[in-house]
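Data from target_1.cif: mmCIF, C-alpha atoms
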```
data_final
#
loop_
_atom_site.label_atom_id
_atom_site.label_comp_id
_atom_site.auth_asym_id
_atom_site.auth_seq_id
_atom_site.Cartn_x
_atom_site.Cartn_y
_atom_site.Cartn_z
CA MET A 1090 -11.66 -35.72 -142.96
CA ASN A 1091 -13.38 -37.49 -140.05
CA GLU A 1092 -13.48 -35.42 -136.88
CA ILE A 1093 -12.11 -37.12 -133.78
CA SER A 1094 -14.37 -37.25 -130.72
CA PHE A 1095 -13.29 -37.81 -127.14
CA GLY A 1096 -14.90 -39.72 -124.29
CA PHE A 1097 -14.03 -40.63 -120.72
CA THR A 1098 -15.22 -43.05 -118.08
CA LEU A 1099 -16.70 -41.44 -115.00
CA GLY A 1100 -15.02 -43.68 -112.43
CA THR A 1101 -16.25 -43.23 -108.87
CA VAL A 1102 -18.26 -40.13 -108.01
CA ARG A 1103 -19.27 -39.63 -104.38
CA SER A 1104 -22.05 -37.09 -104.79
CA ALA A 1105 -24.25 -35.30 -107.29
CA ALA A 1106 -22.12 -32.20 -106.79
CA GLN A 1107 -18.96 -34.08 -107.72
CA LEU A 1108 -20.66 -35.59 -110.76
CA THR A 1109 -21.77 -32.14 -111.87
CA GLU A 1110 -18.24 -30.76 -111.52
CA VAL A 1111 -16.64 -33.63 -113.44
CA CYS A 1112 -19.10 -33.19 -116.30
CA ARG A 1113 -18.58 -29.41 -116.30
CA VAL A 1114 -14.80 -29.82 -116.57
CA ALA A 1115 -15.08 -32.46 -119.29
CA ASP A 1116 -17.46 -30.31 -121.30
CA ALA A 1117 -15.13 -27.32 -121.05
CA TYR A 1118 -12.22 -29.39 -122.37
CA GLY A 1119 -14.27 -30.57 -125.34
CA PHE A 1120 -15.05 -34.14 -124.37
CA THR A 1121 -18.25 -35.36 -125.99
CA THR A 1122 -19.17 -38.54 -124.08
CA ALA A 1123 -19.20 -39.57 -120.43
CA SER A 1124 -19.41 -43.32 -119.93
CA VAL A 1125 -19.85 -45.67 -117.00
CA VAL A 1126 -18.10 -49.02 -116.71
CA ASP A 1127 -19.86 -52.16 -115.45
CA HIS A 1128 -17.63 -53.74 -112.83
CA LEU A 1129 -18.07 -54.95 -109.28
CA GLY A 1130 -16.00 -53.97 -106.27
CA PRO A 1131 -15.49 -51.06 -103.85
CA GLY A 1132 -16.30 -47.68 -105.37
CA ARG A 1133 -17.87 -49.09 -108.52
CA MET A 1134 -20.97 -47.26 -109.76
CA ALA A 1135 -24.21 -48.78 -111.06
CA PRO A 1136 -24.07 -47.97 -114.78
CA PHE A 1137 -27.59 -46.94 -115.76
CA SER A 1138 -28.53 -44.80 -112.78
CA THR A 1139 -25.15 -43.03 -112.94
CA LEU A 1140 -25.32 -42.25 -116.65
CA VAL A 1141 -28.88 -40.93 -116.36
CA ALA A 1142 -27.73 -38.66 -113.53
CA ALA A 1143 -24.83 -37.46 -115.70
CA ALA A 1144 -27.22 -36.62 -118.52
CA LEU A 1145 -29.41 -34.64 -116.13
CA VAL A 1146 -26.53 -32.51 -114.80
CA SER A 1147 -24.97 -31.97 -118.25
CA PRO A 1148 -27.19 -30.66 -121.04
CA ARG A 1149 -24.63 -31.33 -123.79
CA LEU A 1150 -22.58 -34.45 -123.07
CA ARG A 1151 -23.65 -37.78 -124.49
CA VAL A 1152 -23.62 -40.60 -121.96
CA GLY A 1153 -23.17 -44.31 -122.30
CA THR A 1154 -22.07 -47.66 -120.95
CA PHE A 1155 -18.47 -48.75 -121.41
CA VAL A 1156 -19.43 -51.54 -121.50
CA VAL A 1157 -22.37 -53.39 -119.97
CA ASN A 1158 -21.43 -56.97 -119.13
CA ALA A 1159 -24.27 -58.85 -120.82
CA GLY A 1160 -23.59 -61.88 -118.63
CA PHE A 1161 -24.65 -59.95 -115.52
CA TYR A 1162 -28.21 -59.37 -116.77
CA ASN A 1163 -31.42 -61.07 -117.70
CA ALA A 1164 -32.03 -59.98 -121.30
CA ALA A 1165 -35.53 -58.61 -120.65
CA LEU A 1166 -34.40 -56.58 -117.63
CA LEU A 1167 -31.44 -55.20 -119.56
CA ALA A 1168 -33.75 -54.18 -122.41
CA ARG A 1169 -35.92 -52.27 -119.93
CA GLU A 1170 -32.84 -50.42 -118.63
CA VAL A 1171 -31.78 -49.49 -122.16
CA VAL A 1172 -35.17 -48.15 -123.22
CA SER A 1173 -35.45 -46.19 -119.96
CA ALA A 1174 -31.99 -44.68 -120.52
CA VAL A 1175 -32.86 -43.61 -124.06
CA ARG A 1176 -35.97 -41.83 -122.80
CA LEU A 1177 -34.46 -40.21 -119.72
CA THR A 1178 -31.40 -38.89 -121.58
CA GLY A 1179 -33.39 -37.44 -124.46
CA GLY A 1180 -31.63 -39.80 -126.86
CA ARG A 1181 -28.11 -38.80 -125.72
CA PHE A 1182 -27.30 -42.41 -124.89
CA ASP A 1183 -24.76 -44.79 -126.42
CA LEU A 1184 -25.10 -48.47 -125.54
CA GLY A 1185 -21.83 -50.33 -125.07
CA LEU A 1186 -22.11 -54.10 -124.68
CA GLY A 1187 -19.50 -56.73 -123.85
CA ILE A 1188 -19.37 -60.43 -123.07
CA GLY A 1189 -17.48 -60.12 -119.77
CA LEU A 1190 -13.85 -61.16 -119.36
CA ILE A 1191 -13.07 -61.29 -115.65
CA LYS A 1192 -14.10 -64.53 -113.96
CA ALA A 1193 -13.60 -63.12 -110.46
CA GLU A 1194 -16.43 -60.64 -111.04
CA PHE A 1195 -18.83 -63.40 -112.03
CA ASP A 1196 -17.76 -65.27 -108.87
CA GLU A 1197 -18.43 -62.17 -106.76
CA ALA A 1198 -21.89 -61.83 -108.30
CA GLY A 1199 -22.65 -65.50 -107.70
CA LEU A 1200 -23.01 -66.10 -111.43
CA PRO A 1201 -21.46 -68.90 -113.49
CA PHE A 1202 -18.60 -67.92 -115.76
CA HIS A 1203 -19.50 -69.76 -118.95
CA GLY A 1204 -17.32 -70.39 -121.96
CA PHE A 1205 -17.03 -67.92 -124.80
CA ASP A 1206 -19.86 -69.35 -126.90
CA ASP A 1207 -22.36 -69.07 -124.05
CA ARG A 1208 -21.27 -65.53 -123.18
CA ARG A 1209 -21.52 -64.54 -126.83
CA ALA A 1210 -25.02 -66.04 -126.96
CA ALA A 1211 -26.00 -63.96 -123.92
CA LEU A 1212 -24.89 -60.77 -125.67
CA LEU A 1213 -26.78 -61.63 -128.84
CA ALA A 1214 -29.88 -62.51 -126.80
CA ALA A 1215 -29.66 -59.09 -125.13
CA ILE A 1216 -29.50 -57.37 -128.54
CA GLU A 1217 -32.51 -59.35 -129.76
CA GLU A 1218 -34.53 -58.53 -126.64
CA ILE A 1219 -33.66 -54.82 -126.83
CA ASP A 1220 -34.70 -54.85 -130.47
CA ARG A 1221 -37.98 -56.55 -129.61
CA LEU A 1222 -38.80 -54.07 -126.85
CA ILE A 1223 -37.92 -51.04 -128.98
CA GLU A 1224 -40.15 -52.38 -131.74
CA THR A 1225 -42.97 -52.91 -129.24
CA GLU A 1226 -42.62 -49.46 -127.69
CA GLY A 1227 -42.73 -47.74 -131.07
CA ASP A 1228 -41.51 -44.31 -129.94
CA VAL A 1229 -37.92 -45.22 -129.06
CA GLU A 1230 -35.02 -45.44 -131.50
CA TRP A 1231 -32.08 -47.80 -131.18
CA PRO A 1232 -29.16 -46.04 -129.49
CA PRO A 1233 -25.77 -46.27 -131.19
CA LEU A 1234 -24.44 -49.73 -130.31
CA MET A 1235 -20.81 -50.24 -129.38
CA ILE A 1236 -19.24 -53.65 -128.84
CA GLY A 1237 -15.76 -53.83 -127.39
CA GLY A 1238 -13.21 -56.59 -127.49
CA THR A 1239 -9.88 -57.93 -128.67
CA GLY A 1240 -10.22 -61.49 -129.95
CA ASP A 1241 -11.26 -62.25 -133.51
CA ARG A 1242 -14.52 -63.89 -132.45
CA VAL A 1243 -15.68 -60.82 -130.54
CA LEU A 1244 -14.44 -58.47 -133.25
CA ARG A 1245 -16.31 -60.41 -135.94
CA MET A 1246 -19.49 -60.16 -133.89
CA ALA A 1247 -18.88 -56.44 -133.42
CA ALA A 1248 -18.31 -55.99 -137.15
CA GLU A 1249 -21.64 -57.69 -137.84
CA GLN A 1250 -23.74 -56.08 -135.10
CA ALA A 1251 -22.31 -52.78 -133.86
CA ASP A 1252 -22.24 -49.17 -135.01
CA ILE A 1253 -18.99 -48.64 -133.12
CA VAL A 1254 -16.22 -51.18 -132.52
CA SER A 1255 -14.09 -50.37 -129.50
CA PHE A 1256 -10.59 -51.81 -129.53
CA ALA A 1257 -9.50 -52.57 -125.99
CA GLY A 1258 -5.81 -52.91 -126.75
CA LEU A 1259 -5.50 -55.98 -124.53
CA HIS A 1260 -4.93 -59.67 -125.16
CA GLN A 1261 -5.48 -62.41 -122.62
CA ILE A 1262 -2.17 -64.13 -121.87
CA LYS A 1263 -2.42 -67.84 -122.54
CA GLY A 1264 -1.89 -69.96 -119.47
CA ARG A 1265 -2.55 -67.07 -117.08
CA PRO A 1266 -5.72 -66.49 -115.03
CA PRO A 1267 -8.59 -64.66 -116.81
CA GLY A 1268 -7.93 -60.93 -116.55
CA SER A 1269 -4.17 -61.19 -117.16
CA PHE A 1270 -3.44 -59.17 -120.28
CA ARG A 1271 -0.63 -58.07 -122.55
CA LEU A 1272 -0.80 -54.69 -124.27
CA ALA A 1273 -1.54 -54.83 -127.99
CA SER A 1274 1.18 -53.62 -130.32
CA ALA A 1275 0.92 -51.40 -133.38
CA ALA A 1276 0.98 -54.53 -135.55
CA ASP A 1277 -1.87 -56.02 -133.48
CA ALA A 1278 -3.93 -52.85 -133.93
CA GLU A 1279 -3.34 -52.79 -137.67
CA ARG A 1280 -4.31 -56.44 -138.07
CA GLN A 1281 -7.43 -56.08 -135.92
CA THR A 1282 -8.73 -52.94 -137.63
CA ASP A 1283 -8.14 -54.52 -141.05
CA PHE A 1284 -9.95 -57.65 -139.85
CA VAL A 1285 -13.01 -55.67 -138.76
CA ARG A 1286 -13.11 -53.68 -142.00
CA SER A 1287 -13.09 -56.91 -143.94
CA ALA A 1288 -15.75 -58.53 -141.74
CA ALA A 1289 -17.99 -55.44 -142.01
CA ALA A 1290 -17.51 -54.92 -145.73
CA GLY A 1291 -21.03 -55.99 -146.70
CA ARG A 1292 -22.85 -53.71 -144.27
CA ALA A 1293 -24.95 -50.81 -145.50
CA HIS A 1294 -23.55 -48.36 -142.93
CA PRO A 1295 -19.86 -47.91 -142.10
CA VAL A 1296 -18.61 -49.04 -138.71
CA ARG A 1297 -16.79 -46.49 -136.57
CA PHE A 1298 -13.65 -47.35 -134.57
CA ASN A 1299 -12.97 -46.33 -130.97
CA ASN A 1300 -9.54 -46.51 -129.34
CA PHE A 1301 -9.65 -47.29 -125.61
CA VAL A 1302 -6.36 -45.69 -124.60
CA LYS A 1303 -4.81 -47.16 -121.45
CA ILE A 1304 -2.34 -44.47 -120.36
CA VAL A 1305 -1.83 -40.80 -121.23
CA GLU A 1306 1.36 -39.14 -119.97
CA VAL A 1307 2.63 -35.73 -120.97
CA THR A 1308 6.43 -35.70 -120.86
CA ASP A 1309 9.56 -34.39 -122.57
CA ASP A 1310 11.17 -37.82 -122.12
CA ARG A 1311 9.15 -40.33 -124.16
CA ALA A 1312 11.86 -42.98 -124.08
CA GLY A 1313 12.33 -42.72 -120.34
CA VAL A 1314 8.62 -42.99 -119.59
CA ALA A 1315 8.25 -45.92 -121.99
CA ALA A 1316 11.11 -47.76 -120.29
CA LYS A 1317 9.57 -47.09 -116.88
CA LEU A 1318 6.18 -48.40 -117.97
CA ALA A 1319 7.70 -51.53 -119.48
CA ALA A 1320 9.60 -52.20 -116.25
CA GLY A 1321 6.59 -51.58 -114.00
CA GLN A 1322 4.36 -54.41 -115.19
CA ASP A 1323 1.81 -56.09 -112.93
CA ASP A 1324 -0.54 -59.08 -112.88
CA TYR A 1325 -3.21 -57.17 -114.84
CA LEU A 1326 -1.15 -55.67 -117.65
CA THR A 1327 2.10 -56.71 -119.33
CA ILE A 1328 3.40 -53.96 -121.61
CA GLY A 1329 6.29 -55.91 -123.07
CA ASP A 1330 9.09 -53.49 -123.83
CA ALA A 1331 9.80 -49.81 -124.34
CA ASP A 1332 9.66 -50.05 -128.13
CA LEU A 1333 6.12 -51.44 -127.98
CA ALA A 1334 5.11 -48.71 -125.52
CA LEU A 1335 6.42 -46.01 -127.86
CA ASN A 1336 4.65 -47.34 -130.95
CA THR A 1337 1.33 -48.78 -129.78
CA PRO A 1338 -1.75 -46.59 -130.34
CA PHE A 1339 -3.09 -47.64 -126.94
CA LEU A 1340 -0.61 -45.47 -125.00
CA LEU A 1341 -0.24 -41.73 -125.51
CA ILE A 1342 3.19 -40.60 -124.34
CA GLY A 1343 5.04 -37.40 -125.18
CA THR A 1344 4.65 -33.66 -125.24
CA ALA A 1345 1.17 -32.27 -125.78
CA GLU A 1346 2.10 -31.59 -129.41
CA GLN A 1347 3.43 -35.12 -129.93
CA ILE A 1348 0.30 -36.65 -128.43
CA ALA A 1349 -1.98 -34.48 -130.55
CA ARG A 1350 -0.13 -35.50 -133.69
CA GLN A 1351 -0.15 -39.17 -132.66
CA ILE A 1352 -3.94 -39.08 -132.25
CA ILE A 1353 -4.32 -37.74 -135.78
CA ALA A 1354 -1.78 -40.23 -137.16
CA ASP A 1355 -3.64 -43.08 -135.46
CA ARG A 1356 -6.88 -41.91 -137.05
CA ASP A 1357 -5.25 -41.92 -140.46
CA ARG A 1358 -3.50 -45.28 -139.97
CA TYR A 1359 -6.08 -47.32 -138.07
CA GLY A 1360 -9.33 -45.40 -138.53
CA PHE A 1361 -9.80 -44.40 -134.88
CA THR A 1362 -12.33 -41.57 -134.99
CA SER A 1363 -13.01 -41.61 -131.27
CA ILE A 1364 -10.86 -42.04 -128.19
CA THR A 1365 -11.90 -43.07 -124.70
CA VAL A 1366 -9.77 -42.67 -121.58
CA GLN A 1367 -10.35 -43.47 -117.95
CA LYS A 1368 -11.21 -40.64 -115.56
CA PRO A 1369 -7.66 -40.28 -114.12
CA TYR A 1370 -6.56 -39.05 -117.56
CA LEU A 1371 -9.38 -36.53 -117.97
CA ASP A 1372 -7.18 -33.59 -116.95
CA VAL A 1373 -4.18 -34.96 -118.85
CA LEU A 1374 -5.83 -35.40 -122.23
CA GLY A 1375 -8.34 -32.57 -121.84
CA PRO A 1376 -5.99 -29.65 -122.62
CA ILE A 1377 -4.76 -31.46 -125.76
CA ILE A 1378 -8.20 -31.79 -127.37
CA ALA A 1379 -8.23 -28.24 -128.74
CA ARG A 1380 -4.86 -28.79 -130.42
CA VAL A 1381 -6.08 -32.02 -132.03
CA ARG A 1382 -8.99 -30.12 -133.51
CA GLU A 1383 -6.71 -27.37 -134.76
CA LEU A 1384 -4.48 -29.89 -136.53
CA SER A 1385 -7.31 -31.95 -138.01
#
```
Let's see the structure in the file written out as structure tokens.
Amino acid sequence: MNEISFGFTLGTVRSAAQLTEVCRVADAYGFTTASVVDHLGPGRMAPFSTLVAAALVSPRLRVGTFVVNAGFYNAALLAREVVSAVRLTGGRFDLGLGIGLIKAEFDEAGLPFHGFDDRRAALLAAIEEIDRLIETEGDVEWPPLMIGGTGDRVLRMAAEQADIVSFAGLHQIKGRPPGSFRLASAADAERQTDFVRSAAAGRAHPVRFNNFVKIVEVTDDRAGVAAKLAAGQDDYLTIGDADLALNTPFLLIGTAEQIARQIIADRDRYGFTSITVQKPYLDVLGPIIARVRELS
């Protein structure tokens, strides 16, 4: 049976000492990967310098990007960052790439927010340039490539190009500004994972699936928490209703035992062999990892 691995995003770290402590705690819990997101705004960290620092303070954790916004970068400069990260981490680097979804961040960077086809082309150009530079260098191997997304066009590209497909669990709400999402349901997750399996069927190597979990809450009152989450929706995320919150794989709600068993059930149902959470849930999910491994 496929072992389940666990990753987390580093969030904002204010010093090397804090970074060292976060990595130490994550390692002790059994997390395997520390990743850095690629967003703009107060407290946001530069992805490549931060992940290299994390690799230097932690001799065991893998590090990665979750995910680099290909639209922010010139392809040649991005390729240089990737090759440098592979070298400086001793190969403990996972490359996550995305097309960029939030128009406001492109506006903040002074970059045009192109349509999907142009953003997809930018991601493919980055892959081609990384491939060219790795071939030229000769002593560097391709890092595991993860592409994250939700729509069929991105998922098809991920199925064709990536080693790991990360399912974001979000869908852009039609008619709302870019960055306004609804939470994916269990039916959505099943359809999307089946879609990727079908699209990747001709590949020589199997594609792995990552579940980007949005919320982890340990509680004896699953129904009450689900109802509260459904009622507390905001401009960024619409959860829908309590029934969706209780059944989607993108929320983990319940006792530690219930959550551990849900993680295993989601692996068996959808094929999620890795889980990523944001840093605020590091200490929530961390104590459950050992139980997941006992059960699996």
If you measure from CA of Asp1309 in chain A to CA of Ile1364 in chain A, what distance in Å do you get, rounded to one decimal?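 If I compute the distance from CA of Asp1309 in chain A to CA of Ile1364 in chain A, I get 22.5 Å.
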Can you list what the PyMOL selection byres ((chain A and resi 1214-1231) around 10) grabs from this structure, as a ChimeraX atom specification? /A:1159-1160,1162-1173,1175-1176,1180,1182-1184,1186,1208-1213,1232-1234,1250
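Distance annotation: of A:Val1296, A:Val1114, A:Ala1106, A:Val1302, the residue with the minimal separation from Ile1352 in chain A is A:Val1302; atom set is all atoms listed in the file.
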Close residues, range 1277-1286 of chain A itself excluded, 9 Å, all atoms listed in the file, min 6 positions apart in chain, as a compact mmCIF listing (two decimals) with C-alpha atoms, keeping the file's coordinate frame:
```
# COMPACT_ATOMS: atom_id res chain seq x y z
CA THR A 1239 -9.88 -57.93 -128.67
CA GLY A 1240 -10.22 -61.49 -129.95
CA ASP A 1241 -11.26 -62.25 -133.51
CA LEU A 1244 -14.44 -58.47 -133.25
CA ARG A 1245 -16.31 -60.41 -135.94
CA ALA A 1247 -18.88 -56.44 -133.42
CA ALA A 1248 -18.31 -55.99 -137.15
CA GLU A 1249 -21.64 -57.69 -137.84
CA VAL A 1254 -16.22 -51.18 -132.52
CA PHE A 1256 -10.59 -51.81 -129.53
CA GLY A 1258 -5.81 -52.91 -126.75
CA PRO A 1295 -19.86 -47.91 -142.10
CA VAL A 1296 -18.61 -49.04 -138.71
CA PHE A 1298 -13.65 -47.35 -134.57
CA THR A 1337 1.33 -48.78 -129.78
CA PRO A 1338 -1.75 -46.59 -130.34
CA PHE A 1339 -3.09 -47.64 -126.94
CA ARG A 1358 -3.50 -45.28 -139.97
CA TYR A 1359 -6.08 -47.32 -138.07
CA GLY A 1360 -9.33 -45.40 -138.53
```
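For the atom pair formed by CA of Asp1196 in chain A and CA of Val1157 in chain A, the distance is 16.9 Å, given to one decimal.
With CA of Val1307 in chain A on one side and CA of Pro1376 in chain A on the other, the separation reads 10.7 Å.
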Restricting the calculation to all atoms listed in the file, which member of A:Asp1252, A:Glu1346, A:Asp1116, A:Asp1206 is positioned closest to Ala1293 in chain A? A:Asp1252
Could you state which residues are captured by the PyMOL selection byres ((chain A and resi 1270) around 12) in this file, as JSON, numbers by chain? {"A": [1190, 1191, 1239, 1257, 1258, 1259, 1260, 1261, 1262, 1263, 1264, 1265, 1266, 1267, 1268, 1269, 1271, 1272, 1273, 1322, 1323, 1324, 1325, 1326, 1327, 1328, 1329]}
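The set of residues that the PyMOL selection byres ((chain A and resi 1135-1149) around 8) takes from this file is Ala1105, Leu1108, Thr1109, Cys1112, Arg1113, Asp1116, Thr1121, Ala1123, Ser1124, Val1125, Val1126, Asp1127, Arg1133, Met1134, Leu1150, Arg1151, Val1152, Gly1153, Thr1154, Val1157, Glu1170, Ala1174, Leu1177, Thr1178 and Arg1181 of chain A.
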Taking (1.0, -44.9, -123.6) in the file's own coordinates, collect the residues within 10 Å, counting all atoms listed in the file, and hand them back as a PDB file with C-alpha atoms, in the coordinates of the input.
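New file selection_14.pdb:
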```
ATOM      1  CA  LEU A1272      -0.800 -54.690-124.270  1.00  0.00           C
ATOM      2  CA  VAL A1302      -6.360 -45.690-124.600  1.00  0.00           C
ATOM      3  CA  LYS A1303      -4.810 -47.160-121.450  1.00  0.00           C
ATOM      4  CA  ILE A1304      -2.340 -44.470-120.360  1.00  0.00           C
ATOM      5  CA  VAL A1305      -1.830 -40.800-121.230  1.00  0.00           C
ATOM      6  CA  GLU A1306       1.360 -39.140-119.970  1.00  0.00           C
ATOM      7  CA  VAL A1307       2.630 -35.730-120.970  1.00  0.00           C
ATOM      8  CA  ARG A1311       9.150 -40.330-124.160  1.00  0.00           C
ATOM      9  CA  VAL A1314       8.620 -42.990-119.590  1.00  0.00           C
ATOM     10  CA  ALA A1315       8.250 -45.920-121.990  1.00  0.00           C
ATOM     11  CA  LEU A1318       6.180 -48.400-117.970  1.00  0.00           C
ATOM     12  CA  ILE A1328       3.400 -53.960-121.610  1.00  0.00           C
ATOM     13  CA  LEU A1333       6.120 -51.440-127.980  1.00  0.00           C
ATOM     14  CA  ALA A1334       5.110 -48.710-125.520  1.00  0.00           C
ATOM     15  CA  LEU A1335       6.420 -46.010-127.860  1.00  0.00           C
ATOM     16  CA  ASN A1336       4.650 -47.340-130.950  1.00  0.00           C
ATOM     17  CA  THR A1337       1.330 -48.780-129.780  1.00  0.00           C
ATOM     18  CA  PRO A1338      -1.750 -46.590-130.340  1.00  0.00           C
ATOM     19  CA  PHE A1339      -3.090 -47.640-126.940  1.00  0.00           C
ATOM     20  CA  LEU A1340      -0.610 -45.470-125.000  1.00  0.00           C
ATOM     21  CA  LEU A1341      -0.240 -41.730-125.510  1.00  0.00           C
ATOM     22  CA  ILE A1342       3.190 -40.600-124.340  1.00  0.00           C
ATOM     23  CA  GLY A1343       5.040 -37.400-125.180  1.00  0.00           C
ATOM     24  CA  ILE A1348       0.300 -36.650-128.430  1.00  0.00           C
TER      25      ILE A1348
END
```
Of the candidates A:Ala1117, A:Ile1093, A:Ala1331, A:Leu1200, which one gets nearest to Asp1355 in chain A if we count all atoms listed in the file? A:Ile1093
So, counting all atoms listed in the file, which residue among A:Phe1120, A:Phe1202, A:Phe1361, A:Phe1095 is closest to Ile1188 in chain A?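 Closest to Ile1188 in chain A of all the choices is A:Phe1202.
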